[in-house]
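Shown here: coords_7.csv, CSV, C-alpha atoms and all ligand atoms.
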```
chain,number,residue,atom,x,y,z
A,2,MET,CA,0.0,0.0,0.0
A,3,ARG,CA,1.0,3.6,-0.4
A,4,LEU,CA,2.2,5.3,2.8
A,5,PHE,CA,0.7,8.5,1.5
A,6,PRO,CA,-2.2,9.1,-0.9
A,7,LYS,CA,-1.3,9.9,-4.5
A,8,LYS,CA,-0.9,13.6,-5.4
A,9,GLN,CA,-0.3,14.7,-1.8
A,10,PRO,CA,3.0,16.0,-0.6
A,11,LYS,CA,5.0,13.4,1.2
A,12,ARG,CA,5.4,14.4,4.8
A,13,ALA,CA,5.7,12.6,8.1
A,14,ALA,CA,3.3,13.1,11.0
A,15,HIS,CA,6.1,14.3,13.2
A,16,GLY,CA,7.6,16.5,10.5
A,17,HIS,CA,11.0,15.0,10.9
A,18,SER,CA,11.3,13.7,7.4
A,19,GLU,CA,10.0,14.5,3.9
A,20,ARG,CA,10.1,10.8,3.1
A,21,PRO,CA,7.1,8.5,3.5
A,22,MET,CA,7.4,6.3,6.6
A,23,LEU,CA,5.2,4.8,9.2
A,24,SER,CA,4.6,7.1,12.2
A,25,VAL,CA,2.1,7.3,15.1
A,26,GLY,CA,0.0,9.6,12.9
A,27,SER,CA,-0.3,7.2,9.9
A,28,PRO,CA,-3.7,6.0,8.9
A,29,PHE,CA,-5.1,3.0,10.8
A,30,ALA,CA,-5.1,0.7,7.8
A,31,ILE,CA,-1.3,1.3,7.2
A,32,LYS,CA,-0.5,0.8,10.9
A,33,GLU,CA,-2.5,-2.4,10.8
A,34,ALA,CA,-0.7,-3.7,7.7
A,35,TYR,CA,2.6,-3.2,9.4
A,36,ASN,CA,1.3,-4.7,12.6
A,37,SER,CA,0.3,-7.8,10.7
A,38,ILE,CA,3.8,-8.1,9.1
A,39,ARG,CA,5.4,-7.5,12.5
A,40,THR,CA,3.4,-10.3,14.1
A,41,LYS,CA,4.4,-12.7,11.4
A,42,LEU,CA,8.0,-11.7,11.8
A,43,ILE,CA,7.9,-12.2,15.6
A,44,PHE,CA,6.7,-15.8,14.9
A,45,THR,CA,9.5,-16.3,12.4
A,46,GLY,CA,12.2,-15.3,14.8
A,47,LYS,CA,13.2,-18.9,15.3
A,48,GLY,CA,13.3,-18.3,19.0
A,49,GLU,CA,16.5,-16.3,18.7
A,50,LYS,CA,17.2,-13.7,21.3
A,51,CYS,CA,17.6,-11.0,18.7
A,52,PRO,CA,16.6,-12.0,15.2
A,53,VAL,CA,18.3,-10.1,12.4
A,54,PHE,CA,16.2,-9.5,9.2
A,55,ALA,CA,17.6,-8.1,6.0
A,56,VAL,CA,15.1,-6.2,3.7
A,57,THR,CA,15.9,-6.7,0.1
A,58,SER,CA,14.4,-6.9,-3.4
A,59,SER,CA,15.3,-7.9,-6.9
A,60,LEU,CA,16.0,-4.5,-8.4
A,61,SER,CA,16.4,-0.8,-7.5
A,62,GLY,CA,13.5,1.3,-6.3
A,63,ASP,CA,11.2,-1.4,-5.2
A,64,GLY,CA,10.7,0.2,-1.8
A,65,LYS,CA,13.3,-1.6,0.3
A,66,THR,CA,14.4,1.4,2.4
A,67,THR,CA,10.8,2.6,2.8
A,68,THR,CA,9.8,-0.9,4.0
A,69,ALA,CA,12.9,-1.3,6.3
A,70,VAL,CA,12.3,2.0,8.0
A,71,SER,CA,8.6,1.5,8.5
A,72,LEU,CA,9.0,-2.0,9.7
A,73,ALA,CA,11.6,-0.9,12.2
A,74,VAL,CA,9.3,1.9,13.4
A,75,SER,CA,6.4,-0.6,13.7
A,76,ILE,CA,8.4,-3.1,15.8
A,77,ALA,CA,9.6,-0.2,18.0
A,78,MET,CA,6.0,0.9,18.5
A,79,ALA,CA,5.3,-2.5,20.0
A,80,ASP,CA,7.8,-1.7,22.8
A,81,GLN,CA,10.7,-3.8,21.3
A,82,ARG,CA,14.2,-2.4,21.1
A,83,VAL,CA,15.1,-2.2,17.4
A,84,LEU,CA,18.3,-1.3,15.6
A,85,LEU,CA,18.0,-0.3,12.0
A,86,ILE,CA,21.2,-0.7,10.1
A,87,ASP,CA,21.7,1.0,6.7
A,88,GLY,CA,23.5,-1.8,4.9
A,89,ASP,CA,23.3,-0.1,1.5
A,90,MET,CA,26.7,1.5,1.5
A,91,ARG,CA,26.5,2.2,-2.2
A,92,LYS,CA,23.4,4.3,-2.0
A,93,PRO,CA,22.8,5.1,1.6
A,94,SER,CA,19.4,6.7,2.5
A,95,VAL,CA,18.2,5.6,6.0
A,96,HIS,CA,19.8,8.7,7.5
A,97,ARG,CA,17.6,10.9,5.3
A,98,TYR,CA,14.5,9.5,7.0
A,99,PHE,CA,15.8,10.6,10.3
A,100,ASN,CA,17.4,13.9,9.2
A,101,THR,CA,20.8,12.9,10.4
A,102,GLU,CA,24.3,12.7,8.8
A,103,CYS,CA,25.5,9.5,7.1
A,104,ARG,CA,29.1,9.4,8.1
A,105,ASN,CA,30.5,7.7,11.2
A,106,GLY,CA,28.4,4.6,10.5
A,107,LEU,CA,28.7,1.1,9.3
A,108,SER,CA,31.5,1.5,6.7
A,109,GLU,CA,33.8,3.1,9.2
A,110,ILE,CA,33.3,0.4,11.8
A,111,LEU,CA,33.7,-2.5,9.3
A,112,ALA,CA,36.8,-0.9,7.7
A,113,GLY,CA,38.4,-0.5,11.1
A,114,LEU,CA,38.4,3.3,10.8
A,115,SER,CA,36.4,3.8,13.9
A,116,SER,CA,36.2,1.7,17.1
A,117,GLU,CA,33.1,3.6,18.3
A,118,ILE,CA,29.8,2.1,17.2
A,119,LYS,CA,27.7,5.3,16.8
A,120,LEU,CA,24.1,4.3,17.3
A,121,ARG,CA,21.9,7.2,16.8
A,122,PRO,CA,18.7,7.6,18.8
A,123,THR,CA,15.4,8.5,17.1
A,124,ASP,CA,12.2,10.2,18.2
A,125,ASN,CA,11.0,6.7,19.2
A,126,GLY,CA,13.0,5.8,22.2
A,127,ASN,CA,13.0,2.1,21.2
A,128,LEU,CA,14.5,2.7,17.8
A,129,SER,CA,18.1,3.4,17.1
A,130,ILE,CA,19.9,3.6,13.7
A,131,LEU,CA,23.3,2.9,12.5
A,132,THR,CA,23.9,4.9,9.3
A,133,ALA,CA,25.8,3.6,6.3
A,134,GLY,CA,28.9,5.7,6.8
A,135,GLN,CA,31.0,7.1,4.0
A,136,ILE,CA,30.7,5.2,0.7
A,137,PRO,CA,33.5,2.6,0.7
A,138,PRO,CA,35.2,1.1,-2.4
A,139,ASN,CA,34.4,-2.5,-1.3
A,140,PRO,CA,30.9,-2.7,0.3
A,141,ALA,CA,30.4,-6.4,-0.3
A,142,GLU,CA,33.7,-7.3,1.1
A,143,LEU,CA,33.0,-5.3,4.2
A,144,LEU,CA,29.6,-6.9,4.7
A,145,GLY,CA,31.0,-10.3,4.4
A,146,SER,CA,33.8,-9.7,6.8
A,147,ARG,CA,34.5,-11.0,10.3
A,148,GLN,CA,34.0,-7.5,11.6
A,149,MET,CA,30.3,-7.7,10.4
A,150,ASP,CA,29.9,-10.9,12.5
A,151,MET,CA,31.4,-9.1,15.5
A,152,LEU,CA,29.2,-6.1,15.0
A,153,LEU,CA,26.1,-8.2,14.9
A,154,ASP,CA,27.2,-10.2,17.9
A,155,TYR,CA,27.7,-7.0,19.8
A,156,VAL,CA,24.4,-5.3,19.0
A,157,ARG,CA,22.4,-8.5,19.6
A,158,GLN,CA,23.2,-8.0,23.3
A,159,TYR,CA,21.3,-4.7,23.4
A,160,PHE,CA,18.4,-5.0,21.0
A,161,ASP,CA,15.4,-7.3,20.5
A,162,TYR,CA,15.4,-7.0,16.7
A,163,VAL,CA,17.9,-5.8,14.1
A,164,ILE,CA,16.6,-4.8,10.6
A,165,ILE,CA,19.2,-4.3,7.8
A,166,ASP,CA,18.4,-2.3,4.7
A,167,THR,CA,20.3,-3.7,1.7
A,168,PRO,CA,20.9,-3.1,-2.0
A,169,PRO,CA,19.0,-5.1,-4.7
A,170,VAL,CA,20.2,-8.7,-4.9
A,171,ASN,CA,20.0,-9.0,-8.7
A,172,ILE,CA,22.4,-6.2,-9.2
A,173,VAL,CA,25.1,-6.6,-6.5
A,174,THR,CA,26.1,-9.3,-4.0
A,175,ASP,CA,26.0,-7.1,-0.9
A,176,ALA,CA,22.7,-8.5,0.4
A,177,THR,CA,23.5,-12.1,-0.1
A,178,VAL,CA,27.0,-12.2,1.4
A,179,ILE,CA,25.4,-11.8,4.8
A,180,ALA,CA,23.1,-14.8,4.4
A,181,GLY,CA,25.0,-16.9,7.0
A,182,LYS,CA,25.0,-14.1,9.5
A,183,ILE,CA,21.3,-13.3,9.7
A,184,THR,CA,18.0,-14.9,10.5
A,185,GLY,CA,16.5,-14.3,7.1
A,186,TYR,CA,15.5,-12.0,4.3
A,187,ILE,CA,12.3,-10.1,3.7
A,188,LEU,CA,11.7,-9.7,0.0
A,189,VAL,CA,10.0,-6.6,-1.2
A,190,VAL,CA,8.0,-7.0,-4.3
A,191,GLN,CA,6.6,-4.0,-6.1
A,192,SER,CA,3.2,-4.6,-7.5
A,193,GLY,CA,3.0,-3.9,-11.2
A,194,LYS,CA,6.7,-3.6,-11.5
A,195,SER,CA,8.6,-6.7,-10.2
A,196,HIS,CA,8.7,-9.3,-13.0
A,197,VAL,CA,8.5,-13.0,-12.2
A,198,ARG,CA,11.9,-13.6,-13.9
A,199,ASP,CA,13.5,-11.0,-11.7
A,200,LEU,CA,11.9,-12.4,-8.6
A,201,SER,CA,12.9,-15.9,-9.4
A,202,ASP,CA,16.5,-14.6,-10.0
A,203,ALA,CA,16.4,-12.9,-6.6
A,204,ILE,CA,15.2,-16.0,-4.8
A,205,HIS,CA,17.8,-18.1,-6.6
A,206,GLN,CA,20.6,-15.7,-5.6
A,207,ILE,CA,19.6,-15.9,-1.9
A,208,GLU,CA,19.1,-19.6,-1.9
A,209,GLU,CA,22.4,-20.1,-3.6
A,210,MET,CA,24.0,-18.5,-0.5
A,211,ASN,CA,21.9,-20.7,1.8
A,212,GLY,CA,19.9,-17.7,2.9
A,213,SER,CA,16.4,-18.1,4.3
A,214,ILE,CA,13.5,-16.0,2.9
A,215,VAL,CA,11.1,-15.5,5.8
A,216,GLY,CA,8.5,-13.7,3.7
A,217,ALA,CA,7.7,-11.2,1.0
A,218,ILE,CA,6.0,-7.8,1.2
A,219,LEU,CA,3.9,-6.6,-1.7
A,220,ASN,CA,4.6,-2.9,-1.8
A,221,ASP,CA,2.4,-0.1,-3.2
A,222,PRO,CA,-0.3,-2.3,-4.8
A,223,ASP,CA,-2.5,0.7,-5.3
A,224,GLY,CA,0.1,2.6,-7.3
A,225,CYS,CA,0.4,0.2,-10.2
A,226,GLY,CA,0.1,2.9,-12.9
A,227,GLU,CA,3.0,4.9,-11.5
A,228,ALA,CA,5.0,1.7,-10.8
A,229,HIS,CA,4.7,0.6,-14.5
A,230,TYR,CA,6.1,4.0,-15.4
A,231,SER,CA,8.9,3.8,-12.9
A,232,TYR,CA,9.8,0.3,-14.1
A,233,HIS,CA,10.8,1.6,-17.5
A,234,TYR,CA,12.7,4.4,-15.8
A,235,ASN,CA,14.5,2.0,-13.6
A,236,ARG,CA,15.5,-0.3,-16.5
A,237,TYR,CA,17.7,2.4,-17.7
A,238,SER,CA,18.9,3.9,-14.5
A,239,ARG,CA,19.1,1.0,-12.1
A,240,TYR,CA,22.9,0.6,-12.5
A,241,LYS,CA,23.6,4.2,-11.7
A,242,TYR,CA,24.7,3.5,-8.1
A,243,TYR,CA,25.4,-0.2,-8.4
A,244,GLY,CA,27.3,-0.1,-11.7
A,245,GLU,CA,30.6,-1.6,-10.9
A,246,SER,CA,29.3,-5.0,-10.0
A,247,ILE,CA,27.0,-5.8,-12.9
A,248,PRO,CA,27.6,-9.4,-13.8
A,249,ASP,CA,28.2,-10.1,-17.6
A,250,SER,CA,25.0,-12.2,-17.8
A,251,LYS,CA,23.0,-9.1,-16.7
A,252,ARG,CA,24.7,-6.9,-19.2
A,253,GLN,CA,23.8,-9.2,-22.1
A,254,ARG,CA,20.2,-9.0,-21.1
A,255,GLY,CA,20.3,-5.4,-21.9
A,256,GLY,CA,19.2,-4.3,-18.5
B,1,LIG,N1,4.6,2.2,0.1
B,1,LIG,C1,5.0,3.4,-0.4
B,1,LIG,N2,4.3,4.5,-0.4
B,1,LIG,C2,4.7,5.7,-0.9
B,1,LIG,N3,5.9,5.8,-1.5
B,1,LIG,C3,6.7,4.8,-1.6
B,1,LIG,C4,6.3,3.5,-1.0
B,1,LIG,N4,7.3,2.6,-1.3
B,1,LIG,C5,8.3,3.3,-1.9
B,1,LIG,N5,7.9,4.6,-2.1
B,1,LIG,C6,8.7,5.6,-2.8
B,1,LIG,O1,9.4,5.0,-3.9
B,1,LIG,C7,10.7,5.4,-4.1
B,1,LIG,C8,11.7,4.3,-3.9
B,1,LIG,O2,11.5,3.7,-2.6
B,1,LIG,P1,12.8,3.2,-1.8
B,1,LIG,O3,13.9,4.3,-1.8
B,1,LIG,O4,12.3,2.8,-0.5
B,1,LIG,O5,13.2,2.0,-2.7
B,1,LIG,P2,14.5,1.1,-2.6
B,1,LIG,O6,14.2,-0.2,-3.1
B,1,LIG,O7,15.2,1.3,-1.3
B,1,LIG,O8,15.4,1.8,-3.7
B,1,LIG,P3,17.0,1.6,-4.0
B,1,LIG,O9,17.1,0.2,-4.6
B,1,LIG,O10,17.4,2.6,-4.9
B,1,LIG,O11,17.7,1.7,-2.6
B,1,LIG,C9,10.9,6.5,-3.0
B,1,LIG,O12,10.7,7.8,-3.5
B,1,LIG,C10,9.8,6.2,-1.9
B,1,LIG,O13,9.4,7.3,-1.2
B,2,MG,MG,17.1,1.8,-0.7
```

Entire entry expressed as C-alpha cells:
Amino acid sequence: MRLFPKKQPKRAAHGHSERPMLSVGSPFAIKEAYNSIRTKLIFTGKGEKCPVFAVTSSLSGDGKTTTAVSLAVSIAMADQRVLLIDGDMRKPSVHRYFNTECRNGLSEILAGLSSEIKLRPTDNGNLSILTAGQIPPNPAELLGSRQMDMLLDYVRQYFDYVIIDTPPVNIVTDATVIAGKITGYILVVQSGKSHVRDLSDAIHQIEEMNGSIVGAILNDPDGCGEAHYSYHYNRYSRYKYYGESIPDSKRQRGG
C-alpha cells in the first residue's frame, strides 16, 4: 500500500522527514498492515534472542528502504528495542528518513576506521539507527567480513530486533553475502513492476548462498500505474549506483 495518498505532498506526521514512513499519525489501515507483518516476523524469529532480518528486493527502487524504515518503526512501536542498520553502503538513505548525517556509521566500523559504534537515537525511544557511513570502495567485502559478525554479535546483546536495509540482490552481491549471519530475508515485491523472472532470480541468488527468505511484502499495490512507469525508468537507471558489479549475464540481457 502507499504510505501517502497519491498527489499529496510526502510528509511525516512528526515533520522529521519529507520521506514516506510509518509514524504514530499514519492511517489506521497502514499501521494495521505493518502490525500484521510485525506479528508474522515475531513468529518467524526462530526463538532467537535477537533476530536479524535483511530487507531486500530484486531491483532498484522497489521500496526496500521505505519498508525497512517503516517495519523498524512498527516493531519499536510494539515496545521492542530495534536497531535499523543501513546496509546499503552504495546508495545510503536511511539517514535521510531521520534527518541525520550519514558518516560515522557502518562502513567506518567495518573498515576499522572507527572503534566507536555510533548508534543514533530517534524520536521513538525504542528505535536506534546505524547509518551507512562514507561510501567505501568494497561494500560487499566489508559486509561479508568477520567485523560484520562481530558487530552483529555485539548489537544483539542490546536489542530485540535488528533490521538491515540492503541493495538489490539481482544487481550486487552485498545483500547475499550476509546470508549466513542473519535470521532471514524479507523480500520486497513492487506490485505492477517486479517481474516473475527478476523475482525468481532474486530467490535463486539468496538460496544459492543458503539464505532463508522469511517472507515477501507486496509494496504499493494501489500505485500500479506509476509503478509501471517507474519500471521503464529504472530499467535504464538501475545501475547508476550499483554499476561496478554488474555481472556479464545481466549486461547481455540489456538491463
Ligand atoms: N509504500 C510506499 N508508499 C509511498 N511511496 C513509496 C512506497 N514505497 C516506496 N515509495 C517511494 O518509492 C521510491 C523508492 O523507494 P525506496 O527508496 O524505498 O526504494 P529502494 O528499493 O530502497 O530503492 P534503492 O534500490 O534505490 O535503494 C521512494 O521515492 C519512496 O518514497
Ligand atoms: Mg534503498

What does the structure give for the distance between CA of Ser195 (chain A) and CA of Gly62 (chain A), in Å to one decimal? 10.2 Å

Calculated over only C-alpha atoms and all ligand atoms, which of the candidates A:Ser115, A:Ser146, A:Thr167, A:Asn220 has the smallest distance to ligand MG 2 (chain B)?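 Of A:Ser115, A:Ser146, A:Thr167, A:Asn220, the one nearest ligand MG 2 (chain B), counting only C-alpha atoms and all ligand atoms, is A:Thr167.
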
For ligand LIG 1 (chain B), collect every residue having any atom at a distance of at most 7 Å from a ligand atom (counting all atoms listed in the file); output as a PDB file with C-alpha atoms, in the frame of the given file.
```
ATOM      1  CA  MET A   2       0.000   0.000   0.000  1.00  0.00           C
ATOM      2  CA  ARG A   3       1.000   3.600  -0.400  1.00  0.00           C
ATOM      3  CA  LEU A   4       2.200   5.300   2.800  1.00  0.00           C
ATOM      4  CA  PHE A   5       0.700   8.500   1.500  1.00  0.00           C
ATOM      5  CA  ARG A  20      10.100  10.800   3.100  1.00  0.00           C
ATOM      6  CA  PRO A  21       7.100   8.500   3.500  1.00  0.00           C
ATOM      7  CA  SER A  58      14.400  -6.900  -3.400  1.00  0.00           C
ATOM      8  CA  LEU A  60      16.000  -4.500  -8.400  1.00  0.00           C
ATOM      9  CA  SER A  61      16.400  -0.800  -7.500  1.00  0.00           C
ATOM     10  CA  GLY A  62      13.500   1.300  -6.300  1.00  0.00           C
ATOM     11  CA  ASP A  63      11.200  -1.400  -5.200  1.00  0.00           C
ATOM     12  CA  GLY A  64      10.700   0.200  -1.800  1.00  0.00           C
ATOM     13  CA  LYS A  65      13.300  -1.600   0.300  1.00  0.00           C
ATOM     14  CA  THR A  66      14.400   1.400   2.400  1.00  0.00           C
ATOM     15  CA  THR A  67      10.800   2.600   2.800  1.00  0.00           C
ATOM     16  CA  THR A  68       9.800  -0.900   4.000  1.00  0.00           C
ATOM     17  CA  LYS A  92      23.400   4.300  -2.000  1.00  0.00           C
ATOM     18  CA  PRO A 168      20.900  -3.100  -2.000  1.00  0.00           C
ATOM     19  CA  PRO A 169      19.000  -5.100  -4.700  1.00  0.00           C
ATOM     20  CA  ASN A 220       4.600  -2.900  -1.800  1.00  0.00           C
ATOM     21  CA  ASP A 221       2.400  -0.100  -3.200  1.00  0.00           C
TER      22      ASP A 221
END
```

Counting all atoms listed in the file, the residue of A:Arg82, A:Lys50, A:Lys182, A:His96 that sits nearest ligand MG 2 (chain B): A:His96

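With CA of Ala217 (chain A) on one side and CA of Ile164 (chain A) on the other, the separation reads 14.6 Å.
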
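One finds CA of Ile130 (chain A) at 20.4 Å from CA of Asn36 (chain A).
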
Neighbouring residues of Gln158 (chain A) were defined as those with any atom within 12 Å, considering only C-alpha atoms; residues of the same chain fewer than 6 positions away were excluded. Please report them as a PyMOL selection string. chain A and resi 49-52+82-84+151-152

Could you check which of A:Asp150, A:Asp124, A:Asp87, A:Glu33 is closest to ligand MG 2 (chain B), using only C-alpha atoms and all ligand atoms?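 Among A:Asp150, A:Asp124, A:Asp87, A:Glu33, it is A:Asp87 that comes nearest to ligand MG 2 (chain B).
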
Step by step: start from the point (10.1, -0.9, 25.0) in the file's coordinates, keep every protein, DNA or RNA residue that has an atom no farther than 10 Å from it, count all atoms listed in the file, and write the set as a VMD selection string. chain A and resid 76 to 83 125 to 128 161

Taking (16.6, -18.7, 4.5) in the coordinates of the supplied file, I want to know which residues reach to within 12 Å of it, counting all atoms listed in the file; could you give the answer as a compact mmCIF listing (two decimals) with C-alpha atoms, in the coordinates of the input?
```txt
# COMPACT_ATOMS: atom_id res chain seq x y z
CA THR A 45 9.50 -16.30 12.40
CA GLY A 46 12.20 -15.30 14.80
CA LYS A 47 13.20 -18.90 15.30
CA VAL A 53 18.30 -10.10 12.40
CA PHE A 54 16.20 -9.50 9.20
CA ALA A 55 17.60 -8.10 6.00
CA THR A 177 23.50 -12.10 -0.10
CA ILE A 179 25.40 -11.80 4.80
CA ALA A 180 23.10 -14.80 4.40
CA GLY A 181 25.00 -16.90 7.00
CA LYS A 182 25.00 -14.10 9.50
CA ILE A 183 21.30 -13.30 9.70
CA THR A 184 18.00 -14.90 10.50
CA GLY A 185 16.50 -14.30 7.10
CA TYR A 186 15.50 -12.00 4.30
CA ILE A 187 12.30 -10.10 3.70
CA LEU A 188 11.70 -9.70 0.00
CA ILE A 204 15.20 -16.00 -4.80
CA HIS A 205 17.80 -18.10 -6.60
CA GLN A 206 20.60 -15.70 -5.60
CA ILE A 207 19.60 -15.90 -1.90
CA GLU A 208 19.10 -19.60 -1.90
CA GLU A 209 22.40 -20.10 -3.60
CA MET A 210 24.00 -18.50 -0.50
CA ASN A 211 21.90 -20.70 1.80
CA GLY A 212 19.90 -17.70 2.90
CA SER A 213 16.40 -18.10 4.30
CA ILE A 214 13.50 -16.00 2.90
CA VAL A 215 11.10 -15.50 5.80
CA GLY A 216 8.50 -13.70 3.70
```
